[in-house]
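**Q** Pasting query-v1.cif below, which is mmCIF, N, CA and C atoms.
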```cif
data_input
loop_
_atom_site.label_atom_id
_atom_site.label_comp_id
_atom_site.auth_asym_id
_atom_site.auth_seq_id
_atom_site.Cartn_x
_atom_site.Cartn_y
_atom_site.Cartn_z
N MET P 1 9.57 32.00 32.31
CA MET P 1 10.41 30.94 32.89
C MET P 1 10.04 30.79 34.35
N THR P 2 10.02 29.59 34.83
CA THR P 2 9.66 29.30 36.20
C THR P 2 10.81 29.63 37.14
N PRO P 3 10.52 30.16 38.34
CA PRO P 3 11.58 30.53 39.26
C PRO P 3 12.37 29.34 39.81
N SER P 4 11.84 28.11 39.72
CA SER P 4 12.56 26.98 40.27
C SER P 4 13.74 26.56 39.39
N LEU P 5 13.77 27.03 38.16
CA LEU P 5 14.87 26.73 37.25
C LEU P 5 15.70 27.99 37.02
N THR P 6 17.00 27.84 37.11
CA THR P 6 17.86 28.95 36.75
C THR P 6 17.96 29.00 35.23
N ALA P 7 18.45 30.11 34.71
CA ALA P 7 18.62 30.23 33.26
C ALA P 7 19.58 29.16 32.75
N ALA P 8 20.61 28.87 33.51
CA ALA P 8 21.59 27.85 33.11
C ALA P 8 20.96 26.47 33.09
N GLN P 9 20.12 26.16 34.08
CA GLN P 9 19.44 24.86 34.10
C GLN P 9 18.50 24.73 32.91
N ARG P 10 17.74 25.77 32.65
CA ARG P 10 16.80 25.75 31.53
C ARG P 10 17.56 25.58 30.22
N GLN P 11 18.66 26.28 30.07
CA GLN P 11 19.46 26.18 28.85
C GLN P 11 20.04 24.77 28.68
N ARG P 12 20.51 24.19 29.78
CA ARG P 12 21.07 22.83 29.72
C ARG P 12 19.98 21.82 29.36
N LEU P 13 18.80 21.97 29.95
CA LEU P 13 17.69 21.06 29.64
C LEU P 13 17.23 21.23 28.20
N GLU P 14 17.19 22.46 27.72
CA GLU P 14 16.83 22.69 26.33
C GLU P 14 17.84 22.01 25.40
N HIS P 15 19.11 22.14 25.72
CA HIS P 15 20.16 21.49 24.93
C HIS P 15 19.96 19.97 24.93
N THR P 16 19.66 19.40 26.10
CA THR P 16 19.43 17.96 26.23
C THR P 16 18.24 17.54 25.36
N LEU P 17 17.16 18.31 25.40
CA LEU P 17 15.99 18.00 24.59
C LEU P 17 16.30 18.06 23.10
N ARG P 18 17.01 19.08 22.67
CA ARG P 18 17.35 19.22 21.26
C ARG P 18 18.28 18.09 20.79
N GLN P 19 19.22 17.72 21.64
CA GLN P 19 20.14 16.64 21.31
C GLN P 19 19.37 15.31 21.17
N GLU P 20 18.48 15.04 22.12
CA GLU P 20 17.68 13.81 22.04
C GLU P 20 16.79 13.83 20.80
N HIS P 21 16.24 14.98 20.48
CA HIS P 21 15.41 15.12 19.28
C HIS P 21 16.21 14.74 18.04
N ASP P 22 17.41 15.27 17.93
CA ASP P 22 18.26 14.97 16.77
C ASP P 22 18.61 13.49 16.71
N GLU P 23 18.92 12.88 17.86
CA GLU P 23 19.27 11.46 17.89
C GLU P 23 18.09 10.58 17.49
N LEU P 24 16.90 10.91 18.00
CA LEU P 24 15.71 10.13 17.65
C LEU P 24 15.37 10.28 16.17
N SER P 25 15.50 11.47 15.65
CA SER P 25 15.22 11.70 14.24
C SER P 25 16.16 10.89 13.36
N ALA P 26 17.44 10.88 13.72
CA ALA P 26 18.42 10.11 12.96
C ALA P 26 18.15 8.62 13.06
N ARG P 27 17.81 8.16 14.26
CA ARG P 27 17.53 6.73 14.47
C ARG P 27 16.30 6.31 13.68
N ARG P 28 15.27 7.14 13.70
CA ARG P 28 14.04 6.83 12.97
C ARG P 28 14.33 6.71 11.48
N SER P 29 15.15 7.60 10.99
CA SER P 29 15.53 7.56 9.59
C SER P 29 16.33 6.29 9.28
N ALA P 30 17.19 5.89 10.21
CA ALA P 30 18.00 4.68 10.02
C ALA P 30 17.13 3.43 10.00
N TYR P 31 16.12 3.37 10.87
CA TYR P 31 15.21 2.22 10.88
C TYR P 31 14.56 2.04 9.52
N LEU P 32 14.21 3.15 8.92
CA LEU P 32 13.44 3.10 7.68
C LEU P 32 14.30 3.26 6.44
N GLY P 33 15.60 3.42 6.62
CA GLY P 33 16.48 3.59 5.46
C GLY P 33 16.16 4.83 4.66
N GLY P 34 15.65 5.88 5.32
CA GLY P 34 15.32 7.12 4.62
C GLY P 34 13.98 7.09 3.92
N LEU P 35 13.24 6.01 4.05
CA LEU P 35 11.95 5.87 3.39
C LEU P 35 10.82 6.25 4.35
N THR P 36 9.64 6.47 3.78
CA THR P 36 8.47 6.64 4.64
C THR P 36 8.12 5.27 5.21
N ARG P 37 7.25 5.23 6.21
CA ARG P 37 6.85 3.94 6.78
C ARG P 37 6.21 3.04 5.73
N ALA P 38 5.37 3.61 4.88
CA ALA P 38 4.69 2.82 3.85
C ALA P 38 5.69 2.29 2.82
N GLU P 39 6.64 3.14 2.42
CA GLU P 39 7.66 2.70 1.45
C GLU P 39 8.52 1.59 2.04
N HIS P 40 8.87 1.75 3.32
CA HIS P 40 9.70 0.74 3.98
C HIS P 40 8.96 -0.61 4.04
N ALA P 41 7.70 -0.57 4.42
CA ALA P 41 6.91 -1.80 4.52
C ALA P 41 6.81 -2.48 3.15
N ARG P 42 6.59 -1.70 2.11
CA ARG P 42 6.50 -2.26 0.76
C ARG P 42 7.83 -2.90 0.35
N GLU P 43 8.92 -2.21 0.62
CA GLU P 43 10.24 -2.73 0.26
C GLU P 43 10.53 -4.05 0.97
N VAL P 44 10.20 -4.12 2.24
CA VAL P 44 10.44 -5.35 2.99
C VAL P 44 9.61 -6.49 2.42
N LEU P 45 8.37 -6.21 2.07
CA LEU P 45 7.50 -7.25 1.53
C LEU P 45 7.96 -7.74 0.16
N LEU P 46 8.63 -6.89 -0.60
CA LEU P 46 9.07 -7.26 -1.94
C LEU P 46 10.42 -7.98 -1.96
N GLN P 47 11.07 -8.07 -0.83
CA GLN P 47 12.37 -8.74 -0.79
C GLN P 47 12.21 -10.23 -1.09
N ASP P 48 13.22 -10.75 -1.81
CA ASP P 48 13.23 -12.18 -2.12
C ASP P 48 13.76 -12.96 -0.92
N GLY P 49 13.50 -14.24 -0.93
CA GLY P 49 14.05 -15.10 0.11
C GLY P 49 12.99 -15.95 0.76
N ASP P 50 13.47 -16.90 1.51
CA ASP P 50 12.58 -17.82 2.19
C ASP P 50 12.29 -17.43 3.63
N ASP P 51 12.71 -16.25 4.01
CA ASP P 51 12.57 -15.86 5.41
C ASP P 51 11.45 -14.84 5.61
N ALA P 52 10.35 -15.00 4.92
CA ALA P 52 9.21 -14.08 5.03
C ALA P 52 8.73 -13.90 6.46
N PRO P 53 8.62 -14.96 7.27
CA PRO P 53 8.18 -14.74 8.65
C PRO P 53 9.17 -13.89 9.44
N GLN P 54 10.46 -14.08 9.20
CA GLN P 54 11.47 -13.27 9.90
C GLN P 54 11.39 -11.82 9.44
N ARG P 55 11.20 -11.60 8.14
CA ARG P 55 11.08 -10.24 7.62
C ARG P 55 9.86 -9.54 8.22
N ALA P 56 8.78 -10.27 8.32
CA ALA P 56 7.57 -9.70 8.91
C ALA P 56 7.81 -9.31 10.36
N SER P 57 8.49 -10.19 11.08
CA SER P 57 8.81 -9.90 12.47
C SER P 57 9.74 -8.69 12.58
N ASP P 58 10.76 -8.63 11.74
CA ASP P 58 11.69 -7.50 11.74
C ASP P 58 10.96 -6.21 11.41
N ARG P 59 10.05 -6.28 10.45
CA ARG P 59 9.29 -5.09 10.06
C ARG P 59 8.43 -4.60 11.22
N GLU P 60 7.80 -5.53 11.92
CA GLU P 60 6.97 -5.15 13.06
C GLU P 60 7.80 -4.50 14.16
N ILE P 61 8.98 -5.04 14.41
CA ILE P 61 9.87 -4.46 15.42
C ILE P 61 10.30 -3.05 15.00
N ASP P 62 10.69 -2.89 13.74
CA ASP P 62 11.08 -1.57 13.24
C ASP P 62 9.93 -0.58 13.37
N MET P 63 8.74 -1.02 13.00
CA MET P 63 7.58 -0.12 13.06
C MET P 63 7.25 0.26 14.51
N GLN P 64 7.38 -0.69 15.43
CA GLN P 64 7.13 -0.38 16.84
C GLN P 64 8.15 0.64 17.35
N ARG P 65 9.40 0.46 16.98
CA ARG P 65 10.44 1.42 17.39
C ARG P 65 10.15 2.80 16.81
N VAL P 66 9.75 2.84 15.57
CA VAL P 66 9.44 4.12 14.94
C VAL P 66 8.26 4.78 15.66
N GLU P 67 7.22 4.00 15.95
CA GLU P 67 6.06 4.55 16.66
C GLU P 67 6.45 5.11 18.03
N GLU P 68 7.28 4.38 18.76
CA GLU P 68 7.75 4.86 20.07
C GLU P 68 8.55 6.14 19.92
N ASP P 69 9.38 6.19 18.89
CA ASP P 69 10.18 7.40 18.66
C ASP P 69 9.30 8.58 18.28
N ILE P 70 8.24 8.33 17.51
CA ILE P 70 7.32 9.40 17.13
C ILE P 70 6.66 10.00 18.36
N VAL P 71 6.23 9.14 19.29
CA VAL P 71 5.61 9.62 20.53
C VAL P 71 6.63 10.43 21.34
N ARG P 72 7.83 9.91 21.46
CA ARG P 72 8.89 10.60 22.21
C ARG P 72 9.23 11.94 21.57
N LEU P 73 9.31 11.96 20.22
CA LEU P 73 9.59 13.22 19.53
C LEU P 73 8.48 14.24 19.78
N ALA P 74 7.24 13.79 19.80
CA ALA P 74 6.12 14.70 20.08
C ALA P 74 6.24 15.28 21.49
N ASP P 75 6.62 14.44 22.45
CA ASP P 75 6.82 14.92 23.83
C ASP P 75 7.94 15.96 23.88
N ILE P 76 9.02 15.70 23.16
CA ILE P 76 10.15 16.63 23.13
C ILE P 76 9.74 17.93 22.45
N ASP P 77 9.04 17.82 21.33
CA ASP P 77 8.57 19.03 20.63
C ASP P 77 7.67 19.87 21.53
N ALA P 78 6.81 19.20 22.29
CA ALA P 78 5.92 19.92 23.21
C ALA P 78 6.73 20.62 24.30
N ALA P 79 7.76 19.95 24.82
CA ALA P 79 8.62 20.58 25.84
C ALA P 79 9.35 21.78 25.27
N LEU P 80 9.87 21.65 24.05
CA LEU P 80 10.55 22.78 23.41
C LEU P 80 9.59 23.94 23.17
N GLN P 81 8.35 23.62 22.84
CA GLN P 81 7.34 24.67 22.67
C GLN P 81 7.07 25.38 24.00
N ARG P 82 6.99 24.60 25.09
CA ARG P 82 6.77 25.22 26.40
C ARG P 82 7.94 26.13 26.78
N ILE P 83 9.15 25.72 26.40
CA ILE P 83 10.32 26.57 26.66
C ILE P 83 10.15 27.88 25.90
N ALA P 84 9.82 27.79 24.63
CA ALA P 84 9.66 28.98 23.79
C ALA P 84 8.57 29.92 24.32
N GLU P 85 7.54 29.35 24.91
CA GLU P 85 6.41 30.14 25.43
C GLU P 85 6.60 30.58 26.86
N GLY P 86 7.69 30.13 27.50
CA GLY P 86 7.93 30.51 28.89
C GLY P 86 7.11 29.72 29.89
N ARG P 87 6.58 28.57 29.49
CA ARG P 87 5.76 27.74 30.38
C ARG P 87 6.49 26.48 30.83
N TYR P 88 7.74 26.32 30.43
CA TYR P 88 8.50 25.11 30.75
C TYR P 88 8.73 25.02 32.25
N GLY P 89 8.53 23.83 32.80
CA GLY P 89 8.75 23.61 34.22
C GLY P 89 7.55 23.94 35.08
N ILE P 90 6.42 24.22 34.46
CA ILE P 90 5.18 24.50 35.19
C ILE P 90 4.22 23.36 34.90
N CYS P 91 3.68 22.76 35.95
CA CYS P 91 2.76 21.62 35.80
C CYS P 91 1.55 22.01 34.97
N GLY P 92 1.23 21.19 33.98
CA GLY P 92 0.09 21.43 33.11
C GLY P 92 -1.25 21.21 33.78
N GLU P 93 -1.26 20.63 34.98
CA GLU P 93 -2.52 20.39 35.71
C GLU P 93 -2.72 21.42 36.82
N CYS P 94 -1.78 21.46 37.76
CA CYS P 94 -1.97 22.29 38.96
C CYS P 94 -1.31 23.66 38.88
N GLY P 95 -0.42 23.84 37.90
CA GLY P 95 0.24 25.13 37.74
C GLY P 95 1.42 25.37 38.66
N GLU P 96 1.74 24.37 39.48
CA GLU P 96 2.90 24.49 40.37
C GLU P 96 4.18 24.21 39.59
N ASP P 97 5.30 24.67 40.15
CA ASP P 97 6.59 24.39 39.53
C ASP P 97 6.90 22.90 39.56
N ILE P 98 7.45 22.41 38.48
CA ILE P 98 7.96 21.04 38.44
C ILE P 98 9.39 21.12 38.96
N PRO P 99 9.74 20.36 39.99
CA PRO P 99 11.08 20.46 40.55
C PRO P 99 12.17 20.21 39.51
N ALA P 100 13.25 20.95 39.64
CA ALA P 100 14.38 20.83 38.71
C ALA P 100 14.90 19.40 38.66
N LYS P 101 14.90 18.71 39.79
CA LYS P 101 15.40 17.32 39.80
C LYS P 101 14.54 16.42 38.92
N ARG P 102 13.24 16.64 38.92
CA ARG P 102 12.36 15.84 38.05
C ARG P 102 12.66 16.14 36.59
N LEU P 103 12.87 17.41 36.28
CA LEU P 103 13.16 17.79 34.90
C LEU P 103 14.52 17.27 34.45
N GLU P 104 15.44 17.15 35.38
CA GLU P 104 16.75 16.58 35.02
C GLU P 104 16.59 15.11 34.60
N VAL P 105 15.71 14.40 35.27
CA VAL P 105 15.46 12.98 34.96
C VAL P 105 14.56 12.85 33.73
N ALA P 106 13.56 13.69 33.63
CA ALA P 106 12.60 13.63 32.53
C ALA P 106 12.37 15.04 32.00
N PRO P 107 13.29 15.54 31.15
CA PRO P 107 13.19 16.93 30.70
C PRO P 107 11.92 17.25 29.90
N HIS P 108 11.24 16.23 29.43
CA HIS P 108 9.99 16.44 28.68
C HIS P 108 8.75 16.43 29.59
N ALA P 109 8.94 16.28 30.90
CA ALA P 109 7.81 16.15 31.84
C ALA P 109 6.86 17.34 31.72
N ARG P 110 5.56 17.02 31.67
CA ARG P 110 4.51 18.04 31.59
C ARG P 110 3.87 18.31 32.95
N TYR P 111 4.02 17.33 33.86
CA TYR P 111 3.30 17.39 35.12
C TYR P 111 4.23 17.18 36.30
N CYS P 112 3.87 17.74 37.45
CA CYS P 112 4.60 17.46 38.68
C CYS P 112 4.36 16.00 39.07
N VAL P 113 5.11 15.51 40.02
CA VAL P 113 5.01 14.10 40.40
C VAL P 113 3.60 13.76 40.90
N ALA P 114 3.03 14.62 41.72
CA ALA P 114 1.70 14.34 42.28
C ALA P 114 0.64 14.24 41.18
N CYS P 115 0.65 15.19 40.26
CA CYS P 115 -0.34 15.17 39.19
C CYS P 115 -0.10 14.01 38.22
N GLU P 116 1.15 13.71 37.95
CA GLU P 116 1.47 12.57 37.08
C GLU P 116 0.97 11.27 37.71
N ALA P 117 1.17 11.12 39.02
CA ALA P 117 0.71 9.92 39.71
C ALA P 117 -0.82 9.80 39.62
N GLN P 118 -1.51 10.92 39.78
CA GLN P 118 -2.97 10.91 39.66
C GLN P 118 -3.40 10.51 38.25
N ARG P 119 -2.73 11.04 37.26
CA ARG P 119 -3.05 10.72 35.86
C ARG P 119 -2.82 9.24 35.58
N GLU P 120 -1.73 8.69 36.09
CA GLU P 120 -1.43 7.28 35.86
C GLU P 120 -2.46 6.37 36.52
N ARG P 121 -3.04 6.82 37.60
CA ARG P 121 -4.07 6.03 38.28
C ARG P 121 -5.44 6.23 37.63
N GLY P 122 -5.50 7.12 36.64
CA GLY P 122 -6.75 7.37 35.94
C GLY P 122 -7.64 8.37 36.63
N HIS P 123 -7.09 9.12 37.57
CA HIS P 123 -7.85 10.14 38.27
C HIS P 123 -7.41 11.51 37.82
N LYS P 124 -8.36 12.41 37.78
CA LYS P 124 -8.00 13.79 37.52
C LYS P 124 -7.53 14.41 38.83
N PRO P 125 -6.42 15.17 38.80
CA PRO P 125 -5.97 15.84 40.02
C PRO P 125 -7.04 16.75 40.58
N ALA P 126 -7.07 16.88 41.91
CA ALA P 126 -8.08 17.70 42.58
C ALA P 126 -8.05 19.14 42.10
N ALA P 127 -6.87 19.67 41.76
CA ALA P 127 -6.76 21.05 41.33
C ALA P 127 -7.50 21.31 40.01
N SER P 128 -7.75 20.27 39.24
CA SER P 128 -8.40 20.42 37.94
C SER P 128 -9.90 20.25 37.99
N LEU P 129 -10.43 19.77 39.09
CA LEU P 129 -11.86 19.48 39.18
C LEU P 129 -12.70 20.70 39.24
#
```
Would you mind writing the file's structure down as structure tokens?
**A**
Amino acid sequence: MTPSLTAAQRQRLEHTLRQEHDELSARRSAYLGGLTRAEHAREVLLQDGDDAPQRASDREIDMQRVEEDIVRLADIDAALQRIAEGRYGICGECGEDIPAKRLEVAPHARYCVACEAQRERGHKPAASL
């Protein structure tokens, strides 16, 4: 565990991550009605009615939401894994502590602000070169 986080902060952030994971999983299931993505797409296509363009649009929106949730769930799973391994709150690039305030805003954060900014600009942080 990183010294910048107290045990209580880490526990609260872990709880937040687990809660968000459960909510996203439930929402993903609701989008698809408990079906796989392929089953859901087939069911939508087989529906009767004259609103095929609307159904196609609705299906695309549902699929986009599911894809976004899948990415978010992967980020949360990775954060929970870092917690389990004792690496949570340590930047994956420079190895410095990620400030507790950043983790409060983005509990799944893998990088400190400086390294994240470098990554978003398409540059590798100097510490990694």
**Q** Report as JSON, numbers by chain all protein, DNA and RNA residues lying within 12 Å of Tyr88 (chain P), evaluated on only C-alpha atoms, omitting residues in the same chain fewer than 6 positions from it.
**A** {"P": [1, 2, 3, 4, 5, 6, 7, 9, 10, 11, 13, 14, 76, 77, 78, 79, 80, 81, 82, 95, 96, 97, 98, 99, 100, 103, 107, 108, 109, 110, 111, 112]}
**Q** May I ask for the distance between atom C of Val105 (chain P) and CA of Gly89 (chain P), given in Å to one decimal place?
**A** 12.2 Å
**Q** Have a look at atom C of Ala74 (chain P) and CA of His21 (chain P) and let me know their distance in Å, one decimal.
**A**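 Computing the Euclidean distance for atom C of Ala74 (chain P) and CA of His21 (chain P) yields 9.4 Å.
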**Q** Can you tell me how far CA of Cys94 (chain P) sits from atom C of Asp75 (chain P), in Å to one decimal?
**A**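 Spanning CA of Cys94 (chain P) to atom C of Asp75 (chain P) is a straight-line distance of 19.1 Å.
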**Q** Start from the incomplete input, build N, CA, C and O atoms for region 102-127 of chain P, and deliver everything as a PDB file, keeping the file's coordinate frame.
**A**
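What follows is the written file part05.pdb:
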```
ATOM      1  N   ARG P 102      13.240  16.640  38.920  1.00  0.00           N
ATOM      2  CA  ARG P 102      12.360  15.840  38.050  1.00  0.00           C
ATOM      3  C   ARG P 102      12.660  16.140  36.590  1.00  0.00           C
ATOM      4  O   ARG P 102      12.717  15.240  35.762  1.00  0.00           O
ATOM      5  N   LEU P 103      12.870  17.410  36.280  1.00  0.00           N
ATOM      6  CA  LEU P 103      13.160  17.790  34.900  1.00  0.00           C
ATOM      7  C   LEU P 103      14.520  17.270  34.450  1.00  0.00           C
ATOM      8  O   LEU P 103      14.707  16.963  33.270  1.00  0.00           O
ATOM      9  N   GLU P 104      15.440  17.150  35.380  1.00  0.00           N
ATOM     10  CA  GLU P 104      16.750  16.580  35.020  1.00  0.00           C
ATOM     11  C   GLU P 104      16.590  15.110  34.600  1.00  0.00           C
ATOM     12  O   GLU P 104      17.243  14.653  33.675  1.00  0.00           O
ATOM     13  N   VAL P 105      15.710  14.400  35.270  1.00  0.00           N
ATOM     14  CA  VAL P 105      15.460  12.980  34.960  1.00  0.00           C
ATOM     15  C   VAL P 105      14.560  12.850  33.730  1.00  0.00           C
ATOM     16  O   VAL P 105      14.784  11.980  32.888  1.00  0.00           O
ATOM     17  N   ALA P 106      13.560  13.690  33.630  1.00  0.00           N
ATOM     18  CA  ALA P 106      12.600  13.630  32.530  1.00  0.00           C
ATOM     19  C   ALA P 106      12.370  15.040  32.000  1.00  0.00           C
ATOM     20  O   ALA P 106      11.397  15.704  32.351  1.00  0.00           O
ATOM     21  N   PRO P 107      13.290  15.540  31.150  1.00  0.00           N
ATOM     22  CA  PRO P 107      13.190  16.930  30.700  1.00  0.00           C
ATOM     23  C   PRO P 107      11.920  17.250  29.900  1.00  0.00           C
ATOM     24  O   PRO P 107      11.550  18.403  29.770  1.00  0.00           O
ATOM     25  N   HIS P 108      11.240  16.230  29.430  1.00  0.00           N
ATOM     26  CA  HIS P 108       9.990  16.440  28.680  1.00  0.00           C
ATOM     27  C   HIS P 108       8.750  16.430  29.590  1.00  0.00           C
ATOM     28  O   HIS P 108       7.637  16.585  29.107  1.00  0.00           O
ATOM     29  N   ALA P 109       8.940  16.280  30.900  1.00  0.00           N
ATOM     30  CA  ALA P 109       7.810  16.150  31.840  1.00  0.00           C
ATOM     31  C   ALA P 109       6.860  17.340  31.720  1.00  0.00           C
ATOM     32  O   ALA P 109       7.271  18.488  31.720  1.00  0.00           O
ATOM     33  N   ARG P 110       5.560  17.020  31.670  1.00  0.00           N
ATOM     34  CA  ARG P 110       4.510  18.040  31.590  1.00  0.00           C
ATOM     35  C   ARG P 110       3.870  18.310  32.950  1.00  0.00           C
ATOM     36  O   ARG P 110       3.201  19.317  33.131  1.00  0.00           O
ATOM     37  N   TYR P 111       4.020  17.330  33.860  1.00  0.00           N
ATOM     38  CA  TYR P 111       3.300  17.390  35.120  1.00  0.00           C
ATOM     39  C   TYR P 111       4.230  17.180  36.300  1.00  0.00           C
ATOM     40  O   TYR P 111       5.237  16.469  36.187  1.00  0.00           O
ATOM     41  N   CYS P 112       3.870  17.740  37.450  1.00  0.00           N
ATOM     42  CA  CYS P 112       4.600  17.460  38.680  1.00  0.00           C
ATOM     43  C   CYS P 112       4.360  16.000  39.070  1.00  0.00           C
ATOM     44  O   CYS P 112       3.482  15.336  38.503  1.00  0.00           O
ATOM     45  N   VAL P 113       5.110  15.510  40.020  1.00  0.00           N
ATOM     46  CA  VAL P 113       5.010  14.100  40.400  1.00  0.00           C
ATOM     47  C   VAL P 113       3.600  13.760  40.900  1.00  0.00           C
ATOM     48  O   VAL P 113       3.028  12.733  40.517  1.00  0.00           O
ATOM     49  N   ALA P 114       3.030  14.620  41.720  1.00  0.00           N
ATOM     50  CA  ALA P 114       1.700  14.340  42.280  1.00  0.00           C
ATOM     51  C   ALA P 114       0.640  14.240  41.180  1.00  0.00           C
ATOM     52  O   ALA P 114      -0.174  13.307  41.160  1.00  0.00           O
ATOM     53  N   CYS P 115       0.650  15.190  40.260  1.00  0.00           N
ATOM     54  CA  CYS P 115      -0.340  15.170  39.190  1.00  0.00           C
ATOM     55  C   CYS P 115      -0.100  14.010  38.220  1.00  0.00           C
ATOM     56  O   CYS P 115      -1.060  13.390  37.745  1.00  0.00           O
ATOM     57  N   GLU P 116       1.150  13.710  37.950  1.00  0.00           N
ATOM     58  CA  GLU P 116       1.470  12.570  37.080  1.00  0.00           C
ATOM     59  C   GLU P 116       0.970  11.270  37.710  1.00  0.00           C
ATOM     60  O   GLU P 116       0.403  10.415  37.028  1.00  0.00           O
ATOM     61  N   ALA P 117       1.170  11.120  39.020  1.00  0.00           N
ATOM     62  CA  ALA P 117       0.710   9.920  39.710  1.00  0.00           C
ATOM     63  C   ALA P 117      -0.820   9.800  39.620  1.00  0.00           C
ATOM     64  O   ALA P 117      -1.345   8.713  39.373  1.00  0.00           O
ATOM     65  N   GLN P 118      -1.510  10.920  39.780  1.00  0.00           N
ATOM     66  CA  GLN P 118      -2.970  10.910  39.660  1.00  0.00           C
ATOM     67  C   GLN P 118      -3.400  10.510  38.250  1.00  0.00           C
ATOM     68  O   GLN P 118      -4.324   9.722  38.070  1.00  0.00           O
ATOM     69  N   ARG P 119      -2.730  11.040  37.260  1.00  0.00           N
ATOM     70  CA  ARG P 119      -3.050  10.720  35.860  1.00  0.00           C
ATOM     71  C   ARG P 119      -2.820   9.240  35.580  1.00  0.00           C
ATOM     72  O   ARG P 119      -3.609   8.602  34.886  1.00  0.00           O
ATOM     73  N   GLU P 120      -1.730   8.690  36.090  1.00  0.00           N
ATOM     74  CA  GLU P 120      -1.430   7.280  35.860  1.00  0.00           C
ATOM     75  C   GLU P 120      -2.460   6.370  36.520  1.00  0.00           C
ATOM     76  O   GLU P 120      -2.700   5.271  36.041  1.00  0.00           O
ATOM     77  N   ARG P 121      -3.040   6.820  37.600  1.00  0.00           N
ATOM     78  CA  ARG P 121      -4.070   6.030  38.280  1.00  0.00           C
ATOM     79  C   ARG P 121      -5.440   6.230  37.630  1.00  0.00           C
ATOM     80  O   ARG P 121      -6.418   5.631  38.041  1.00  0.00           O
ATOM     81  N   GLY P 122      -5.500   7.120  36.640  1.00  0.00           N
ATOM     82  CA  GLY P 122      -6.750   7.370  35.940  1.00  0.00           C
ATOM     83  C   GLY P 122      -7.640   8.370  36.630  1.00  0.00           C
ATOM     84  O   GLY P 122      -8.817   8.480  36.313  1.00  0.00           O
ATOM     85  N   HIS P 123      -7.090   9.120  37.570  1.00  0.00           N
ATOM     86  CA  HIS P 123      -7.850  10.140  38.270  1.00  0.00           C
ATOM     87  C   HIS P 123      -7.410  11.510  37.820  1.00  0.00           C
ATOM     88  O   HIS P 123      -6.240  11.736  37.552  1.00  0.00           O
ATOM     89  N   LYS P 124      -8.360  12.410  37.780  1.00  0.00           N
ATOM     90  CA  LYS P 124      -8.000  13.790  37.520  1.00  0.00           C
ATOM     91  C   LYS P 124      -7.530  14.410  38.830  1.00  0.00           C
ATOM     92  O   LYS P 124      -8.143  14.208  39.870  1.00  0.00           O
ATOM     93  N   PRO P 125      -6.420  15.170  38.800  1.00  0.00           N
ATOM     94  CA  PRO P 125      -5.970  15.840  40.020  1.00  0.00           C
ATOM     95  C   PRO P 125      -7.040  16.750  40.580  1.00  0.00           C
ATOM     96  O   PRO P 125      -7.811  17.341  39.835  1.00  0.00           O
ATOM     97  N   ALA P 126      -7.070  16.880  41.910  1.00  0.00           N
ATOM     98  CA  ALA P 126      -8.080  17.700  42.580  1.00  0.00           C
ATOM     99  C   ALA P 126      -8.050  19.140  42.100  1.00  0.00           C
ATOM    100  O   ALA P 126      -9.087  19.795  42.005  1.00  0.00           O
ATOM    101  N   ALA P 127      -6.870  19.670  41.760  1.00  0.00           N
ATOM    102  CA  ALA P 127      -6.760  21.050  41.330  1.00  0.00           C
ATOM    103  C   ALA P 127      -7.500  21.310  40.010  1.00  0.00           C
ATOM    104  O   ALA P 127      -7.837  22.426  39.701  1.00  0.00           O
TER     105      ALA P 127
END
```
